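Data file: structure-v2.cif. Format and content: mmCIF, C-alpha atoms and all ligand atoms.
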data_upload
loop_
_atom_site.label_atom_id
_atom_site.label_comp_id
_atom_site.auth_asym_id
_atom_site.auth_seq_id
_atom_site.Cartn_x
_atom_site.Cartn_y
_atom_site.Cartn_z
CA MET W 1103 176.11 75.46 0.49
CA PRO W 1104 172.98 77.03 2.06
CA ARG W 1105 169.67 75.86 0.53
CA TRP W 1106 168.72 79.30 -0.79
CA LYS W 1107 172.01 79.45 -2.71
CA VAL W 1108 171.41 76.03 -4.33
CA PHE W 1109 167.87 77.12 -5.22
CA PHE W 1110 169.01 80.36 -6.87
CA SER W 1111 171.90 78.79 -8.76
CA GLN W 1112 169.49 76.15 -10.12
CA ARG W 1113 166.98 78.83 -11.14
CA LEU W 1114 169.81 80.77 -12.80
CA ARG W 1115 170.94 77.70 -14.77
CA TRP W 1116 167.37 76.99 -15.88
CA SER W 1117 166.67 80.54 -16.87
CA SER W 1118 169.96 80.76 -18.77
CA SER W 1119 169.11 77.52 -20.67
CA LEU W 1120 165.66 78.88 -21.39
CA THR W 1121 167.08 82.16 -22.63
CA GLN W 1122 169.52 80.32 -24.89
CA ALA W 1123 166.73 78.14 -26.27
CA LEU W 1124 164.46 81.14 -26.87
CA THR W 1125 167.26 83.11 -28.52
CA LEU W 1126 168.02 80.18 -30.82
CA PHE W 1127 164.34 79.83 -31.80
CA VAL W 1128 163.85 83.55 -32.41
CA VAL W 1129 167.07 83.94 -34.40
CA THR W 1130 166.41 80.81 -36.51
CA PHE W 1131 162.68 81.02 -37.11
CA CYS W 1132 162.09 84.76 -37.09
CA VAL W 1133 165.28 86.07 -38.69
CA ILE W 1134 167.46 83.57 -40.58
CA LEU W 1135 164.79 81.34 -42.18
CA PRO W 1136 162.49 84.19 -43.29
CA LEU W 1137 165.50 85.89 -44.87
CA CYS W 1138 166.60 82.73 -46.68
CA CYS W 1139 163.20 81.27 -47.64
CA HIS W 1140 160.86 84.14 -48.47
CA ARG W 1141 161.24 83.51 -52.20
CA LEU W 1142 160.78 79.73 -51.99
CA LEU W 1143 157.37 78.91 -53.44
CA TYR W 1144 156.71 75.83 -51.31
CA SER W 1145 158.05 77.22 -48.05
CA TYR W 1146 155.81 78.50 -45.24
CA TYR W 1147 157.90 81.67 -45.39
CA PHE W 1148 156.99 82.39 -49.03
CA PHE W 1149 155.91 86.03 -49.37
CA ARG W 1150 152.82 85.19 -51.39
CA PHE W 1151 151.53 88.76 -51.51
CA MET W 1152 154.85 89.97 -52.97
CA TYR W 1153 155.95 87.25 -55.36
CA LEU W 1154 153.10 84.93 -56.34
CA ASN W 1155 151.71 87.01 -59.20
CA SER W 1156 155.06 87.84 -60.77
CA MET W 1157 156.37 84.29 -60.41
CA SER W 1158 153.20 82.83 -61.92
CA GLU W 1159 153.44 85.22 -64.88
CA GLU W 1160 157.11 84.36 -65.37
CA VAL W 1161 156.37 80.63 -65.43
CA LEU W 1162 153.50 81.12 -67.90
CA GLN W 1163 155.75 83.23 -70.11
CA LYS W 1164 158.55 80.64 -70.06
CA SER W 1165 156.11 77.83 -70.85
CA LEU W 1166 154.72 79.86 -73.75
CA GLU W 1167 158.24 80.37 -75.13
CA ARG W 1168 159.08 76.66 -74.70
CA GLY W 1169 155.82 75.82 -76.47
CA GLN W 1170 156.60 78.10 -79.41
CA ASP W 1171 160.14 76.67 -79.58
CA ALA W 1172 158.74 73.15 -79.59
CA LEU W 1173 156.32 74.08 -82.36
CA ARG W 1174 159.18 75.39 -84.53
CA PHE W 1175 161.25 72.31 -83.66
CA TRP W 1176 158.60 69.83 -84.82
CA GLN W 1177 157.59 71.90 -87.86
CA ASN W 1178 161.20 72.01 -89.01
CA SER W 1179 162.33 68.51 -88.16
CA SER W 1180 162.16 66.11 -91.03
CA PRO W 1181 160.08 62.97 -90.40
CA LEU W 1182 163.04 60.92 -91.63
CA GLU W 1183 165.15 62.09 -88.69
CA SER W 1184 162.68 60.69 -86.21
CA THR W 1185 161.26 57.60 -87.91
CA ARG W 1186 163.14 55.79 -85.18
CA PHE W 1187 160.11 56.63 -83.00
CA SER W 1188 157.33 55.76 -85.41
CA ASP W 1189 158.53 52.17 -85.79
CA VAL W 1190 157.46 50.72 -82.47
CA ALA W 1191 159.16 47.41 -81.65
CA GLN W 1192 157.25 44.44 -80.22
CA ASN W 1193 157.76 43.41 -76.59
CA PRO W 1194 159.86 46.39 -75.58
CA GLU W 1195 161.21 46.62 -72.06
CA LEU W 1196 159.28 49.86 -71.63
CA LEU W 1197 156.48 51.56 -73.56
CA VAL W 1198 155.66 55.22 -72.90
CA THR W 1199 152.14 56.17 -74.00
CA VAL W 1200 151.22 59.85 -73.93
CA VAL W 1201 147.48 60.54 -73.55
CA THR W 1202 146.46 63.72 -75.29
CA ALA W 1203 143.33 65.76 -76.00
CA ARG W 1204 142.96 69.12 -77.70
CA ARG W 1205 143.55 72.03 -75.31
CA ASN W 1206 141.58 75.02 -76.50
CA GLU W 1207 142.48 77.36 -73.64
CA ALA W 1208 146.19 76.60 -73.80
CA ARG W 1209 146.61 76.19 -77.54
CA ASP W 1210 149.64 78.44 -77.81
CA PHE W 1211 151.49 76.63 -75.03
CA HIS W 1212 151.69 73.39 -77.05
CA TYR W 1213 152.12 71.24 -73.96
CA LEU W 1214 152.14 68.04 -76.00
CA LEU W 1215 154.86 69.32 -78.32
CA GLN W 1216 157.00 70.32 -75.33
CA VAL W 1217 156.59 66.91 -73.75
CA MET W 1218 157.39 64.99 -76.95
CA ARG W 1219 160.41 67.14 -77.65
CA GLN W 1220 161.76 66.40 -74.20
CA ILE W 1221 161.07 62.68 -74.55
CA SER W 1222 162.84 62.57 -77.90
CA SER W 1223 165.88 64.31 -76.42
CA ILE W 1224 166.24 61.99 -73.42
CA ALA W 1225 165.23 58.73 -75.10
CA ASP W 1226 168.85 57.84 -75.79
CA SER W 1227 170.06 58.49 -72.25
CA CYS W 1228 170.14 54.82 -71.20
CA GLY W 1229 173.29 53.69 -72.97
CA GLU W 1230 173.35 51.62 -76.17
CA GLN W 1231 169.65 50.84 -76.47
CA ARG W 1232 166.84 53.37 -76.69
CA CYS W 1233 165.24 53.76 -73.26
CA ALA W 1234 161.69 53.13 -74.41
CA GLU W 1235 159.27 52.85 -77.27
CA VAL W 1236 157.00 55.87 -77.47
CA MET W 1237 153.42 56.17 -78.64
CA LEU W 1238 150.75 58.85 -78.68
CA CYS W 1239 147.16 58.16 -77.71
CA ASP W 1240 144.94 60.89 -79.15
CA VAL W 1241 141.53 60.88 -77.46
CA GLU W 1242 140.15 64.10 -78.93
CA SER W 1243 136.43 63.75 -79.47
CA GLY W 1244 135.38 67.30 -80.37
CA PRO W 1245 134.56 68.50 -83.87
CA GLN W 1246 138.02 70.08 -84.15
CA GLU W 1247 141.08 67.89 -84.32
CA ASN W 1248 144.05 67.82 -81.97
CA GLU W 1249 146.48 69.79 -84.15
CA ASP W 1250 149.56 69.03 -82.07
CA ALA W 1251 148.90 65.29 -82.25
CA LYS W 1252 148.40 65.63 -86.02
CA LEU W 1253 151.76 67.38 -86.38
CA LEU W 1254 153.46 64.63 -84.40
CA GLY W 1255 151.81 61.94 -86.50
CA ALA W 1256 154.76 62.19 -88.91
CA HIS W 1257 157.22 61.35 -86.13
CA PHE W 1258 155.44 59.00 -83.71
CA LYS W 1259 152.94 56.20 -83.85
CA VAL W 1260 149.54 57.66 -82.95
CA ILE W 1261 146.54 55.63 -81.85
CA ARG W 1262 143.08 57.19 -81.85
CA ARG W 1263 139.77 56.30 -80.28
CA SER W 1264 137.38 55.39 -83.05
CA ALA W 1265 134.83 58.03 -84.02
CA GLN W 1266 132.08 55.53 -83.28
CA GLU W 1267 133.31 54.90 -79.73
CA GLN W 1268 133.58 58.60 -79.04
CA GLN W 1269 130.09 59.25 -80.40
CA THR W 1270 128.77 56.81 -77.81
CA ASP W 1271 130.45 58.81 -75.04
CA MET W 1272 129.51 62.27 -76.20
CA GLY W 1273 126.63 63.87 -74.38
CA ARG W 1274 125.89 60.70 -72.40
CA ILE W 1275 128.63 60.81 -69.80
CA ASN W 1276 130.35 63.50 -67.78
CA THR W 1277 133.87 64.81 -68.51
CA PHE W 1278 135.47 62.75 -65.75
CA GLU W 1279 133.97 59.48 -66.92
CA LYS W 1280 135.04 60.34 -70.47
CA GLU W 1281 138.57 61.11 -69.21
CA LYS W 1282 138.65 57.73 -67.45
CA LYS W 1283 137.37 55.86 -70.52
CA ASP W 1284 140.03 57.56 -72.62
CA TYR W 1285 142.69 56.46 -70.13
CA VAL W 1286 141.41 52.87 -70.12
CA PHE W 1287 141.44 52.87 -73.91
CA CYS W 1288 145.08 54.01 -73.98
CA LEU W 1289 146.12 51.47 -71.34
CA ARG W 1290 144.57 48.59 -73.25
CA GLN W 1291 145.63 49.69 -76.72
CA GLY W 1292 149.25 50.09 -75.66
CA TRP W 1293 149.25 46.58 -74.26
CA GLU W 1294 147.46 44.99 -77.19
CA LEU W 1295 149.61 46.63 -79.84
CA VAL W 1296 153.11 45.88 -78.56
CA LYS W 1297 152.83 43.75 -75.39
CA PRO W 1298 155.43 45.78 -73.49
CA LYS W 1299 157.16 44.36 -70.41
CA ASN W 1300 156.35 47.57 -68.53
CA MET W 1301 154.27 50.61 -69.39
CA ILE W 1302 154.27 54.29 -68.50
CA ILE W 1303 151.25 56.47 -69.14
CA LEU W 1304 152.05 60.16 -69.30
CA GLU W 1305 149.46 62.91 -69.50
CA ASP W 1306 150.22 65.45 -72.20
CA ASP W 1307 151.28 68.14 -69.72
CA ALA W 1308 153.81 66.00 -67.80
CA LEU W 1309 157.30 67.08 -68.84
CA PRO W 1310 159.85 64.34 -67.98
CA ARG W 1311 163.00 65.44 -66.17
CA HIS W 1312 166.45 64.70 -67.55
CA ASP W 1313 167.03 61.63 -65.38
CA PHE W 1314 163.53 60.25 -66.00
CA PHE W 1315 164.54 57.03 -67.74
CA GLN W 1316 167.51 56.29 -65.50
CA VAL W 1317 165.32 56.49 -62.41
CA VAL W 1318 162.55 54.41 -64.01
CA LYS W 1319 165.14 51.77 -64.94
CA ASP W 1320 166.39 51.74 -61.36
CA LEU W 1321 162.83 51.46 -59.98
CA LEU W 1322 162.06 48.51 -62.24
CA SER W 1323 165.18 46.74 -61.02
CA ARG W 1324 163.99 46.94 -57.39
CA ARG W 1325 162.12 43.93 -56.03
CA PHE W 1326 159.00 45.81 -54.87
CA ALA W 1327 158.10 46.73 -58.48
CA VAL W 1328 157.15 43.15 -59.42
CA HIS W 1329 154.20 43.13 -57.01
CA THR W 1330 152.97 46.64 -57.71
CA LEU W 1331 149.85 47.75 -59.55
CA TYR W 1332 151.27 51.17 -60.24
CA ILE W 1333 154.06 53.52 -59.20
CA LYS W 1334 153.17 57.21 -59.18
CA LEU W 1335 155.97 59.29 -60.64
CA TYR W 1336 154.47 62.66 -59.69
CA HIS W 1337 152.70 64.19 -56.72
CA PRO W 1338 151.83 67.91 -56.58
CA GLU W 1339 154.54 69.88 -54.77
CA ARG W 1340 152.02 71.74 -52.63
CA LEU W 1341 150.94 68.41 -51.12
CA GLN W 1342 154.44 67.19 -50.30
CA ARG W 1343 154.58 68.68 -46.78
CA TYR W 1344 155.14 66.69 -43.62
CA TRP W 1345 151.97 68.19 -42.18
CA ASN W 1346 149.87 66.00 -44.45
CA PRO W 1347 148.00 62.87 -43.48
CA GLU W 1348 150.58 60.39 -44.82
CA PRO W 1349 151.79 58.13 -41.96
CA TYR W 1350 155.19 57.29 -43.46
CA ARG W 1351 156.00 61.00 -43.70
CA ILE W 1352 155.65 61.38 -39.94
CA LEU W 1353 158.27 58.64 -39.49
CA GLU W 1354 160.54 60.38 -42.00
CA TRP W 1355 160.01 63.68 -40.18
CA VAL W 1356 160.84 62.34 -36.71
CA GLY W 1357 163.81 60.41 -38.16
CA LEU W 1358 165.15 63.56 -39.79
CA GLY W 1359 164.80 65.48 -36.52
CA LEU W 1360 166.57 62.76 -34.55
CA VAL W 1361 169.46 62.44 -37.02
CA GLY W 1362 169.92 66.23 -37.13
CA ALA W 1363 169.79 66.55 -33.34
CA THR W 1364 172.21 63.67 -32.73
CA ALA W 1365 174.69 64.97 -35.30
CA LEU W 1366 174.56 68.45 -33.78
CA LEU W 1367 174.97 67.30 -30.19
CA LEU W 1368 177.87 64.99 -31.05
CA THR W 1369 179.74 67.64 -33.00
CA ILE W 1370 178.91 70.76 -31.00
CA PRO W 1371 181.89 70.51 -28.61
CA TYR W 1372 184.22 70.88 -31.64
CA TRP W 1373 182.76 74.02 -33.16
CA ASN W 1374 180.51 75.66 -30.53
CA PRO W 1375 181.09 79.32 -31.48
CA CYS W 1376 179.07 80.99 -28.70
CA SER W 1377 180.12 78.62 -25.91
CA PHE W 1378 176.56 77.40 -25.41
CA SER W 1379 176.39 75.01 -22.49
CA PHE W 1380 174.98 72.09 -24.49
CA THR W 1381 175.81 68.51 -23.61
CA LEU W 1382 174.30 65.23 -24.76
CA SER W 1383 171.19 64.64 -22.64
CA ALA W 1384 167.64 63.43 -23.27
CA THR W 1385 166.24 66.96 -22.84
CA HIS W 1386 168.67 68.37 -25.38
CA LEU W 1387 167.99 65.53 -27.79
CA ILE W 1388 164.23 66.17 -27.62
CA PHE W 1389 164.74 69.93 -27.89
CA PHE W 1390 166.93 69.71 -31.00
CA THR W 1391 164.78 66.99 -32.59
CA LEU W 1392 161.84 69.38 -32.39
CA TYR W 1393 164.03 72.24 -33.57
CA PHE W 1394 165.07 70.35 -36.73
CA MET W 1395 161.56 69.06 -37.36
CA ILE W 1396 160.08 72.55 -37.21
CA ALA W 1397 162.86 73.93 -39.39
CA ALA W 1398 162.38 71.19 -42.01
CA GLU W 1399 158.63 71.78 -42.22
CA LEU W 1400 158.93 75.56 -42.40
CA ILE W 1401 161.63 75.50 -45.08
CA GLY W 1402 159.55 73.02 -47.09
CA ARG W 1403 159.92 69.25 -47.45
CA HIS W 1404 159.90 69.75 -51.23
CA TYR W 1405 163.34 71.37 -51.09
CA LEU W 1406 164.78 68.64 -48.88
CA LEU W 1407 163.54 66.00 -51.32
CA GLU W 1408 165.52 67.68 -54.10
CA VAL W 1409 168.75 66.41 -52.47
CA ARG W 1410 167.74 62.89 -53.47
CA ARG W 1411 168.27 63.76 -57.14
CA ILE W 1412 172.01 63.16 -56.64
CA SER W 1413 171.51 59.55 -57.69
CA PRO W 1414 168.67 57.30 -59.00
CA GLN W 1415 169.27 54.95 -56.05
CA LEU W 1416 168.38 57.72 -53.60
CA TYR W 1417 164.84 58.23 -54.90
CA ALA W 1418 162.42 57.22 -52.15
CA VAL W 1419 159.54 54.80 -52.62
CA SER W 1420 156.55 54.90 -50.28
CA PRO W 1421 152.89 53.80 -50.27
CA ALA W 1422 150.95 55.65 -52.99
CA THR W 1423 149.46 59.03 -52.25
CA GLU W 1424 145.97 59.96 -53.37
CA CYS W 1425 145.96 62.71 -55.92
CA CYS W 1426 146.77 62.87 -59.62
CA THR W 1427 147.98 60.69 -62.42
CA PRO W 1428 150.20 62.79 -64.74
CA ALA W 1429 152.89 60.10 -64.80
CA MET W 1430 152.21 56.47 -63.87
CA LEU W 1431 154.40 53.41 -64.21
CA PHE W 1432 152.63 50.06 -64.58
CA PRO W 1433 155.11 47.22 -64.13
CA GLY W 1434 154.56 43.92 -65.98
CA ASN W 1435 150.95 43.46 -67.08
CA ALA W 1436 149.62 45.77 -64.34
CA SER W 1437 148.30 48.15 -67.00
CA LEU W 1438 145.64 45.56 -67.89
CA ARG W 1439 144.68 45.04 -64.24
CA ALA W 1440 144.48 48.82 -63.73
CA ALA W 1441 142.30 49.17 -66.84
CA ASP W 1442 139.91 46.51 -65.46
CA LEU W 1443 139.74 48.20 -62.05
CA LEU W 1444 139.03 51.59 -63.62
CA ASP W 1445 136.45 50.08 -65.92
CA ALA W 1446 134.55 48.70 -62.96
CA SER W 1447 133.96 52.18 -61.47
CA PHE W 1448 132.05 55.25 -62.56
CA CYS W 1449 133.76 58.66 -62.43
CA TYR W 1450 132.24 62.04 -61.72
CA LYS W 1451 133.30 65.39 -60.25
CA GLY W 1452 135.05 64.64 -56.94
CA ASN W 1453 135.63 61.03 -57.99
CA ALA W 1454 137.98 61.33 -60.96
CA LYS W 1455 140.16 58.51 -62.29
CA ASP W 1456 143.05 59.21 -59.89
CA MET W 1457 140.82 58.77 -56.83
CA VAL W 1458 139.18 55.68 -58.28
CA LEU W 1459 142.50 54.02 -59.05
CA TYR W 1460 143.85 54.85 -55.59
CA ARG W 1461 140.78 53.45 -53.85
CA MET W 1462 140.52 50.37 -56.05
CA ALA W 1463 144.18 49.52 -55.44
CA LYS W 1464 143.56 49.80 -51.68
CA ILE W 1465 140.54 47.50 -51.61
CA SER W 1466 141.63 44.93 -54.21
CA PRO W 1467 143.22 41.90 -52.56
CA GLY W 1468 146.89 41.42 -53.42
CA GLU W 1469 147.29 44.82 -55.11
CA ARG W 1470 149.78 47.40 -53.89
CA SER W 1471 150.57 50.88 -55.15
CA HIS W 1472 153.56 53.14 -54.60
CA SER W 1473 154.79 56.70 -55.09
CA VAL W 1474 158.30 57.79 -55.86
CA GLU W 1475 159.86 61.03 -54.58
CA PRO W 1476 161.06 63.52 -55.73
CA ASN W 1477 158.95 63.93 -58.87
CA LEU W 1478 160.16 62.52 -62.18
CA VAL W 1479 158.08 64.95 -64.23
CA THR W 1480 157.27 68.64 -64.05
CA HIS W 1481 153.60 69.45 -64.39
CA ILE W 1482 153.44 72.23 -66.99
CA GLY W 1483 149.67 72.25 -67.51
CA ALA W 1484 148.63 75.54 -65.97
CA PHE W 1485 145.31 75.23 -67.83
CA SER W 1486 143.20 72.14 -67.18
CA SER W 1487 141.34 70.47 -70.02
CA VAL W 1488 138.72 68.95 -67.72
CA ARG W 1489 138.07 71.71 -65.17
CA PRO W 1490 137.24 75.44 -65.40
CA ASN W 1491 140.29 77.70 -65.49
CA PRO W 1492 140.93 81.24 -64.23
CA SER W 1493 142.06 83.65 -66.95
CA ARG W 1494 145.62 83.78 -65.50
CA PRO W 1495 146.31 80.63 -63.44
CA LYS W 1496 148.55 80.95 -60.36
CA LEU W 1497 151.28 78.62 -59.21
CA LEU W 1498 149.56 78.06 -55.83
C1 LIG W 1501 148.50 67.86 -62.17
C2 LIG W 1501 147.22 67.26 -61.85
O1 LIG W 1501 146.74 67.37 -60.75
N1 LIG W 1501 146.61 66.59 -62.84
C3 LIG W 1501 145.41 65.81 -62.57
C4 LIG W 1501 144.15 66.61 -62.90
O2 LIG W 1501 144.18 66.95 -64.26
P1 LIG W 1501 143.88 68.41 -64.84
O3 LIG W 1501 142.65 69.01 -64.23
O4 LIG W 1501 145.13 69.21 -64.76
O5 LIG W 1501 143.51 68.01 -66.34
P2 LIG W 1501 144.45 67.83 -67.61
O6 LIG W 1501 144.09 68.88 -68.56
O7 LIG W 1501 145.87 67.70 -67.22
O8 LIG W 1501 143.91 66.43 -68.17
C5 LIG W 1501 144.34 65.22 -67.67
C6 LIG W 1501 144.52 64.21 -68.80
O9 LIG W 1501 143.27 63.85 -69.31
C7 LIG W 1501 143.32 63.86 -70.73
N2 LIG W 1501 141.94 64.07 -71.22
C8 LIG W 1501 141.36 65.30 -71.18
C9 LIG W 1501 140.07 65.48 -71.63
C10 LIG W 1501 139.38 64.36 -72.14
O10 LIG W 1501 138.23 64.43 -72.57
N3 LIG W 1501 139.99 63.14 -72.16
C11 LIG W 1501 141.24 62.97 -71.69
O11 LIG W 1501 141.78 61.86 -71.70
C12 LIG W 1501 144.28 64.97 -71.07
O12 LIG W 1501 144.81 64.78 -72.35
C13 LIG W 1501 145.32 64.74 -69.99
O13 LIG W 1501 146.23 63.76 -70.42
O14 LIG W 1501 143.00 65.78 -62.66
C14 LIG W 1501 142.96 64.56 -63.45
C15 LIG W 1501 141.72 63.82 -63.05
O15 LIG W 1501 140.58 64.51 -63.45
C16 LIG W 1501 144.20 63.72 -63.22
O16 LIG W 1501 144.24 63.18 -61.95
C17 LIG W 1501 145.44 64.58 -63.45
O17 LIG W 1501 146.60 63.82 -63.18
#

Please, can you express the file's structure as structure tokens?
Amino acid sequence: MPRWKVFFSQRLRWSSSLTQALTLFVVTFCVILPLCCHRLLYSYYFFRFMYLNSMSEEVLQKSLERGQDALRFWQNSSPLESTRFSDVAQNPELLVTVVTARRNEARDFHYLLQVMRQISSIADSCGEQRCAEVMLCDVESGPQENEDAKLLGAHFKVIRRSAQEQQTDMGRINTFEKEKKDYVFCLRQGWELVKPKNMIILEDDALPRHDFFQVVKDLLSRRFAVHTLYIKLYHPERLQRYWNPEPYRILEWVGLGLVGATALLLTIPYWNPCSFSFTLSATHLIFFTLYFMIAAELIGRHYLLEVRRISPQLYAVSPATECCTPAMLFPGNASLRAADLLDASFCYKGNAKDMVLYRMAKISPGERSHSVEPNLVTHIGAFSSVRPNPSRPKLL
């Protein structure tokens, strides 16, 4: 064949491959995904300007209704029905301590009542024995009392920081140091009172999911748990993206792309509807790996993680991420070690207890910390009790 013919046929092949690739990208990323994902809150395609306000209002409204329901539930339930919770057994396999303070701005939402109602309804989900002993740790220090904690006093064991201790804190330390001291108090009291084999500390706006105890049980049966200072059971959804500085996520991302690309290239000859001229080659593998990686990030890693809920064994464990402590599992006597580490640091704005714990675990010899994904609790606290709030908080 003359050289000019070879040249042109090569150019034609290249340009046809390029056109196919471009068409695929445009159709996927500019048509199909925007159509499918524009209502997904944690997707890059989320139409914030159209849906954020209405979705935020809807979530606030639902939380308010759940709060009012929970209030009626606890007001109407006889203490006798739930004395099973107020008698806390010694040396339980698991103790759940819920840290609570009065929430003036979100009084009507009754976060604590919602959380305790959910815990009481899933506490028997582990088979014959109750999944955990449950305790409340009321750290309210203001002149008004924590009414929700008072109402629950008839159903659960409640421990309180002594008035004298709180007086010492008041006015002398900032909110974040006070929050840390409260947390340390609850960690130590829980341990001293019942000597549990493992402890969970929940913040009063962390609503456990239905499979909470099954997954915790599975985590505790895995070998890594023995050598762990803490396992984070929640990380904010908005920070779950691949494009975040967490090294293990990059591995997961590339792995996902490679698996998707290989599966596609191996199966394409059997179902190729448009007769694309794809064959298994390094260029195609790289192209489709990138294609799947971009798609996964744009759809939102959060939604891919949801698939893991199929079974407790599928929940992923990775090195701990920085932010937030709404739900923390302390295996063995780690709660005492964590209390000591927190006690040794001073908290202030920008250096709250979550950051301190994360950093202390990193620099303390022999200590390791982990996160589990997807989340085991839903964070329902739209209004913070330690930071200023907007009048109508948004979901993002
Ligand atoms: C979802 C999320 O990102 N939550 C984090 C955010 O909390 P938030 O800013 O959302 O504050 P929050 O109102 O959820 O309070 C966190 C916890 O502190 C308790 N509390 C409050 C006031 C007080 O004087 N003493 C006290 O112990 C309160 O009962 C709750 O259990 O920042 C905190 C650190 O500052 C923690 O890292 C929270 O996990």

Report the closest atom pair, with its distance in Å rounded to one decimal, for each residue of chain W that has an atom no farther than 7 Å from ligand LIG 1501 (chain W); count all atoms listed in the file, sort by chain and then rising residue number, and write it as a tab-separated table.
residue	atom	partner	partner_atom	distance
W:Val1201	CA	W:LIG1501	O13	4.7
W:Thr1202	CA	W:LIG1501	O12	3.5
W:Ala1203	CA	W:LIG1501	O12	4.1
W:Val1241	CA	W:LIG1501	O11	5.8
W:Glu1242	CA	W:LIG1501	O10	6.7
W:Thr1277	CA	W:LIG1501	O10	6.0
W:Phe1278	CA	W:LIG1501	O15	5.9
W:Lys1280	CA	W:LIG1501	O10	5.6
W:Glu1281	CA	W:LIG1501	N3	3.9
W:Lys1282	CA	W:LIG1501	O11	6.7
W:Asp1284	CA	W:LIG1501	O11	4.7
W:Tyr1285	CA	W:LIG1501	O11	5.7
W:Leu1304	CA	W:LIG1501	O13	6.9
W:Glu1305	CA	W:LIG1501	O13	3.5
W:Asp1306	CA	W:LIG1501	O13	4.7
W:Asp1307	CA	W:LIG1501	O7	6.0
W:Pro1338	CA	W:LIG1501	C1	6.5
W:Cys1425	CA	W:LIG1501	O16	6.3
W:Cys1426	CA	W:LIG1501	O16	3.5
W:Thr1427	CA	W:LIG1501	O17	3.5
W:Pro1428	CA	W:LIG1501	O17	4.1
W:Ala1454	CA	W:LIG1501	O15	4.8
W:Lys1455	CA	W:LIG1501	C15	5.6
W:Asp1456	CA	W:LIG1501	O16	4.6
W:His1481	CA	W:LIG1501	C1	5.8
W:Gly1483	CA	W:LIG1501	O7	5.9
W:Phe1485	CA	W:LIG1501	O6	6.5
W:Ser1486	CA	W:LIG1501	O6	3.7
W:Ser1487	CA	W:LIG1501	O6	3.5
W:Val1488	CA	W:LIG1501	O5	5.1
W:Arg1489	CA	W:LIG1501	O3	5.4

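Taking CA of Ile1388 (chain W) and CA of Leu1360 (chain W) as endpoints, the distance between them is 8.1 Å.
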
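Across W:Asn1491, W:Thr1364, W:Asn1178, W:Gln1192, the tightest approach to Gly1292 (chain W) is made by W:Gln1192 when counting all atoms listed in the file.
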
Exercise. Contacts of Leu1214 (chain W) at 12 Å or less, counting all atoms listed in the file, minus same-chain residues fewer than 6 places along, as a PyMOL selection string?
Worked result: chain W and resi 1165+1168-1170+1172-1173+1176+1200-1205+1208+1220-1221+1238-1240+1248-1254+1304-1310+1481-1483

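Between CA of Pro1421 (chain W) and CA of Gln1316 (chain W) there is a distance of 21.3 Å.
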
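Shortest separation to Tyr1344 (chain W) among W:Ala1429, W:Leu1124, W:Leu1358, W:Val1458 occurs at residue W:Leu1358, atoms counted being only C-alpha atoms.
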
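Each of W:Ala1436, W:Val1328, W:Ala1484, W:Ile1396 was checked against Trp1355 (chain W) using all atoms listed in the file; the smallest atom-to-atom distance is that of W:Ile1396.
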
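Coordinates place CA of Ser1243 (chain W) at a distance of 26.1 Å from CA of Pro1181 (chain W).
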
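Nearest to Val1198 (chain W) of all the residues W:Asn1300, W:Gln1342, W:Asn1453, W:Thr1125 is W:Asn1300, based on all atoms listed in the file.
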
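When all atoms listed in the file are used to compute distances to Ala1446 (chain W), the closest of the residues W:Arg1340, W:Phe1432, W:Glu1235, W:Lys1283 turns out to be W:Lys1283.
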